[in-house]
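Text of final.csv (CSV, N, CA and C atoms) as supplied:
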```csv
chain,number,residue,atom,x,y,z
A,1,MET,N,-27.6,15.6,-32.5
A,1,MET,CA,-26.8,16.0,-33.7
A,1,MET,C,-26.1,17.3,-33.4
A,2,ASP,N,-24.8,17.3,-33.6
A,2,ASP,CA,-24.1,18.5,-33.4
A,2,ASP,C,-24.4,19.6,-34.4
A,3,LYS,N,-24.0,20.8,-34.1
A,3,LYS,CA,-24.3,22.0,-35.0
A,3,LYS,C,-23.8,21.8,-36.4
A,4,ASP,N,-22.6,21.3,-36.6
A,4,ASP,CA,-22.1,21.2,-37.9
A,4,ASP,C,-22.9,20.2,-38.8
A,5,ARG,N,-23.2,19.0,-38.1
A,5,ARG,CA,-24.0,18.0,-38.9
A,5,ARG,C,-25.4,18.5,-39.2
A,6,LYS,N,-26.0,19.2,-38.3
A,6,LYS,CA,-27.3,19.8,-38.6
A,6,LYS,C,-27.3,20.8,-39.7
A,7,GLU,N,-26.2,21.7,-39.7
A,7,GLU,CA,-26.1,22.7,-40.7
A,7,GLU,C,-25.8,22.0,-42.1
A,8,ALA,N,-24.9,20.9,-42.1
A,8,ALA,CA,-24.6,20.2,-43.3
A,8,ALA,C,-25.9,19.5,-43.9
A,9,LEU,N,-26.7,19.0,-43.0
A,9,LEU,CA,-27.9,18.3,-43.5
A,9,LEU,C,-28.9,19.3,-44.1
A,10,GLN,N,-29.0,20.5,-43.5
A,10,GLN,CA,-29.9,21.5,-44.1
A,10,GLN,C,-29.4,22.0,-45.4
A,11,VAL,N,-28.1,22.3,-45.5
A,11,VAL,CA,-27.5,22.7,-46.8
A,11,VAL,C,-27.6,21.6,-47.9
A,12,THR,N,-27.4,20.4,-47.5
A,12,THR,CA,-27.5,19.2,-48.4
A,12,THR,C,-29.0,19.1,-48.9
A,13,LYS,N,-29.9,19.3,-48.0
A,13,LYS,CA,-31.3,19.3,-48.5
A,13,LYS,C,-31.6,20.3,-49.5
A,14,GLU,N,-31.1,21.5,-49.3
A,14,GLU,CA,-31.4,22.6,-50.2
A,14,GLU,C,-30.7,22.4,-51.5
A,15,LEU,N,-29.4,21.9,-51.5
A,15,LEU,CA,-28.7,21.6,-52.7
A,15,LEU,C,-29.4,20.5,-53.5
A,16,ALA,N,-29.8,19.5,-52.8
A,16,ALA,CA,-30.5,18.4,-53.5
A,16,ALA,C,-31.8,18.8,-54.1
A,17,ALA,N,-32.5,19.7,-53.5
A,17,ALA,CA,-33.8,20.3,-54.1
A,17,ALA,C,-33.4,21.1,-55.3
A,18,LYS,N,-32.4,21.8,-55.3
A,18,LYS,CA,-32.0,22.6,-56.5
A,18,LYS,C,-31.5,21.7,-57.6
A,19,PHE,N,-30.8,20.6,-57.3
A,19,PHE,CA,-30.4,19.6,-58.3
A,19,PHE,C,-31.5,18.9,-58.9
A,20,ILE,N,-32.6,18.6,-58.1
A,20,ILE,CA,-33.8,18.0,-58.7
A,20,ILE,C,-34.5,19.0,-59.6
A,21,GLU,N,-34.6,20.2,-59.2
A,21,GLU,CA,-35.2,21.2,-60.0
A,21,GLU,C,-34.5,21.4,-61.3
A,22,ALA,N,-33.2,21.3,-61.3
A,22,ALA,CA,-32.4,21.5,-62.5
A,22,ALA,C,-32.2,20.1,-63.3
A,23,ARG,N,-32.9,19.1,-62.7
A,23,ARG,CA,-32.9,17.8,-63.4
A,23,ARG,C,-31.4,17.2,-63.4
A,24,THR,N,-30.6,17.6,-62.5
A,24,THR,CA,-29.3,17.0,-62.4
A,24,THR,C,-29.3,15.7,-61.7
A,25,ILE,N,-30.2,15.6,-60.7
A,25,ILE,CA,-30.4,14.3,-60.1
A,25,ILE,C,-31.9,14.0,-60.2
A,26,SER,N,-32.3,12.7,-60.0
A,26,SER,CA,-33.7,12.3,-60.1
A,26,SER,C,-34.1,11.5,-58.9
A,27,PRO,N,-35.3,11.3,-58.7
A,27,PRO,CA,-35.8,10.5,-57.5
A,27,PRO,C,-35.2,9.1,-57.6
A,28,SER,N,-34.9,8.6,-58.8
A,28,SER,CA,-34.3,7.2,-58.9
A,28,SER,C,-32.9,7.1,-58.4
A,29,ASN,N,-32.1,8.2,-58.5
A,29,ASN,CA,-30.7,8.1,-58.0
A,29,ASN,C,-30.5,9.0,-56.8
A,30,PHE,N,-31.6,9.5,-56.2
A,30,PHE,CA,-31.5,10.4,-55.0
A,30,PHE,C,-30.7,9.7,-53.9
A,31,ALA,N,-31.1,8.4,-53.6
A,31,ALA,CA,-30.5,7.7,-52.4
A,31,ALA,C,-29.0,7.5,-52.6
A,32,GLU,N,-28.6,7.4,-53.9
A,32,GLU,CA,-27.1,7.2,-54.1
A,32,GLU,C,-26.4,8.6,-54.0
A,33,VAL,N,-27.0,9.7,-54.5
A,33,VAL,CA,-26.3,10.9,-54.6
A,33,VAL,C,-26.4,11.7,-53.3
A,34,PHE,N,-27.5,11.7,-52.5
A,34,PHE,CA,-27.6,12.5,-51.3
A,34,PHE,C,-26.5,12.3,-50.3
A,35,PRO,N,-26.1,11.0,-50.0
A,35,PRO,CA,-25.0,10.8,-49.0
A,35,PRO,C,-23.6,11.4,-49.5
A,36,MET,N,-23.4,11.4,-50.8
A,36,MET,CA,-22.2,12.0,-51.4
A,36,MET,C,-22.2,13.5,-51.2
A,37,ILE,N,-23.3,14.1,-51.5
A,37,ILE,CA,-23.4,15.6,-51.3
A,37,ILE,C,-23.2,15.9,-49.8
A,38,TYR,N,-23.8,15.2,-49.0
A,38,TYR,CA,-23.7,15.4,-47.5
A,38,TYR,C,-22.3,15.3,-47.1
A,39,GLN,N,-21.6,14.3,-47.5
A,39,GLN,CA,-20.2,14.2,-47.1
A,39,GLN,C,-19.3,15.4,-47.5
A,40,VAL,N,-19.5,15.8,-48.7
A,40,VAL,CA,-18.8,17.0,-49.3
A,40,VAL,C,-19.1,18.2,-48.5
A,41,VAL,N,-20.4,18.5,-48.2
A,41,VAL,CA,-20.8,19.6,-47.4
A,41,VAL,C,-20.2,19.6,-46.0
A,42,LEU,N,-20.3,18.4,-45.4
A,42,LEU,CA,-19.8,18.3,-44.0
A,42,LEU,C,-18.3,18.5,-43.9
A,43,ALA,N,-17.6,17.9,-44.9
A,43,ALA,CA,-16.1,18.1,-44.9
A,43,ALA,C,-15.8,19.5,-45.1
A,44,THR,N,-16.5,20.2,-46.0
A,44,THR,CA,-16.3,21.7,-46.2
A,44,THR,C,-16.5,22.5,-45.0
A,45,ILE,N,-17.6,22.2,-44.3
A,45,ILE,CA,-17.9,22.9,-43.0
A,45,ILE,C,-16.8,22.6,-42.0
A,46,SER,N,-16.4,21.4,-41.8
A,46,SER,CA,-15.4,21.0,-40.9
A,46,SER,C,-14.1,21.6,-41.2
A,47,HIS,N,-13.7,21.7,-42.5
A,47,HIS,CA,-12.5,22.3,-42.9
A,47,HIS,C,-12.5,23.8,-42.6
A,48,SER,N,-13.6,24.4,-42.9
A,48,SER,CA,-13.7,25.8,-42.6
A,48,SER,C,-13.6,26.1,-41.2
A,49,ASP,N,-14.2,25.3,-40.3
A,49,ASP,CA,-14.1,25.5,-38.8
A,49,ASP,C,-12.7,25.4,-38.4
A,50,THR,N,-11.9,24.4,-38.9
A,50,THR,CA,-10.6,24.2,-38.6
A,50,THR,C,-9.7,25.4,-39.0
A,51,GLU,N,-9.9,25.9,-40.2
A,51,GLU,CA,-9.2,27.1,-40.6
A,51,GLU,C,-9.5,28.3,-39.7
A,52,ASP,N,-10.8,28.5,-39.3
A,52,ASP,CA,-11.1,29.6,-38.4
A,52,ASP,C,-10.4,29.5,-37.1
A,53,GLU,N,-10.3,28.3,-36.5
A,53,GLU,CA,-9.7,28.1,-35.3
A,53,GLU,C,-8.2,28.4,-35.4
A,54,ASN,N,-7.6,28.0,-36.5
A,54,ASN,CA,-6.1,28.3,-36.7
A,54,ASN,C,-5.8,29.7,-36.9
A,55,ASN,N,-6.7,30.5,-37.5
A,55,ASN,CA,-6.5,31.9,-37.7
A,55,ASN,C,-6.8,32.8,-36.5
A,56,SER,N,-7.4,32.2,-35.5
A,56,SER,CA,-7.8,33.0,-34.3
A,56,SER,C,-6.6,33.2,-33.4
```

This entry written out as structure tokens:
Amino acid sequence: MDKDRKEALQVTKELAAKFIEARTISPSNFAEVFPMIYQVVLATISHSDTEDENNS
């Protein structure tokens, strides 16, 4: 697993835990929501890396 994917997975786990604590998501819809959160986080990280390379 590359660095970005590993970082995205960690952030997604933390966000999902916070959403469960806030009762925004539940164990019953976790499997549906987790991949969507992961995709947004990964896209954000990838977009950020692309901007950093362009500004260097």

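Here atom CA of A:Ala43 is placed at a distance of 23.9 Å from atom N of A:Ala22.
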
Q) Just how far from atom N of A:Lys6 is atom N of A:Ile25, in Å to one decimal? A) 23.1 Å

Q. Closest to A:Lys3 among A:His47, A:Pro35, A:Leu42, A:Glu21, using only C-alpha atoms?
A.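 Smallest distance to A:Lys3 is found for A:Leu42.
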
Excluding A:Leu15 and its own-chain neighbours fewer than 5 positions away, which residues fall within 10 Å of it when counting only C-alpha atoms? Please give them as an mmCIF file with N, CA and C atoms, in the coordinates of the input.
```
data_model
loop_
_atom_site.group_PDB
_atom_site.id
_atom_site.type_symbol
_atom_site.label_atom_id
_atom_site.label_comp_id
_atom_site.auth_asym_id
_atom_site.auth_seq_id
_atom_site.Cartn_x
_atom_site.Cartn_y
_atom_site.Cartn_z
ATOM 1 N N LEU A 9 -26.700 19.000 -43.000
ATOM 2 C CA LEU A 9 -27.900 18.300 -43.500
ATOM 3 C C LEU A 9 -28.900 19.300 -44.100
ATOM 4 N N GLN A 10 -29.000 20.500 -43.500
ATOM 5 C CA GLN A 10 -29.900 21.500 -44.100
ATOM 6 C C GLN A 10 -29.400 22.000 -45.400
ATOM 7 N N ILE A 20 -32.600 18.600 -58.100
ATOM 8 C CA ILE A 20 -33.800 18.000 -58.700
ATOM 9 C C ILE A 20 -34.500 19.000 -59.600
ATOM 10 N N GLU A 21 -34.600 20.200 -59.200
ATOM 11 C CA GLU A 21 -35.200 21.200 -60.000
ATOM 12 C C GLU A 21 -34.500 21.400 -61.300
ATOM 13 N N PHE A 34 -27.500 11.700 -52.500
ATOM 14 C CA PHE A 34 -27.600 12.500 -51.300
ATOM 15 C C PHE A 34 -26.500 12.300 -50.300
ATOM 16 N N ILE A 37 -23.300 14.100 -51.500
ATOM 17 C CA ILE A 37 -23.400 15.600 -51.300
ATOM 18 C C ILE A 37 -23.200 15.900 -49.800
ATOM 19 N N TYR A 38 -23.800 15.200 -49.000
ATOM 20 C CA TYR A 38 -23.700 15.400 -47.500
ATOM 21 C C TYR A 38 -22.300 15.300 -47.100
ATOM 22 N N VAL A 41 -20.400 18.500 -48.200
ATOM 23 C CA VAL A 41 -20.800 19.600 -47.400
ATOM 24 C C VAL A 41 -20.200 19.600 -46.000
#
```

Q.
What's the separation between atom C of A:Arg23 and atom C of A:Glu7, in Å to one decimal place?
A.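 So the two atoms, atom C of A:Arg23 and atom C of A:Glu7, lie 22.5 Å apart.
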
Q: Can you work out which one of A:Gln39, A:Asn29, A:Ser46, A:Thr24 has the shortest atom-to-atom distance to A:Thr12, counting only C-alpha atoms?
A: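 Nearest to A:Thr12: A:Gln39.
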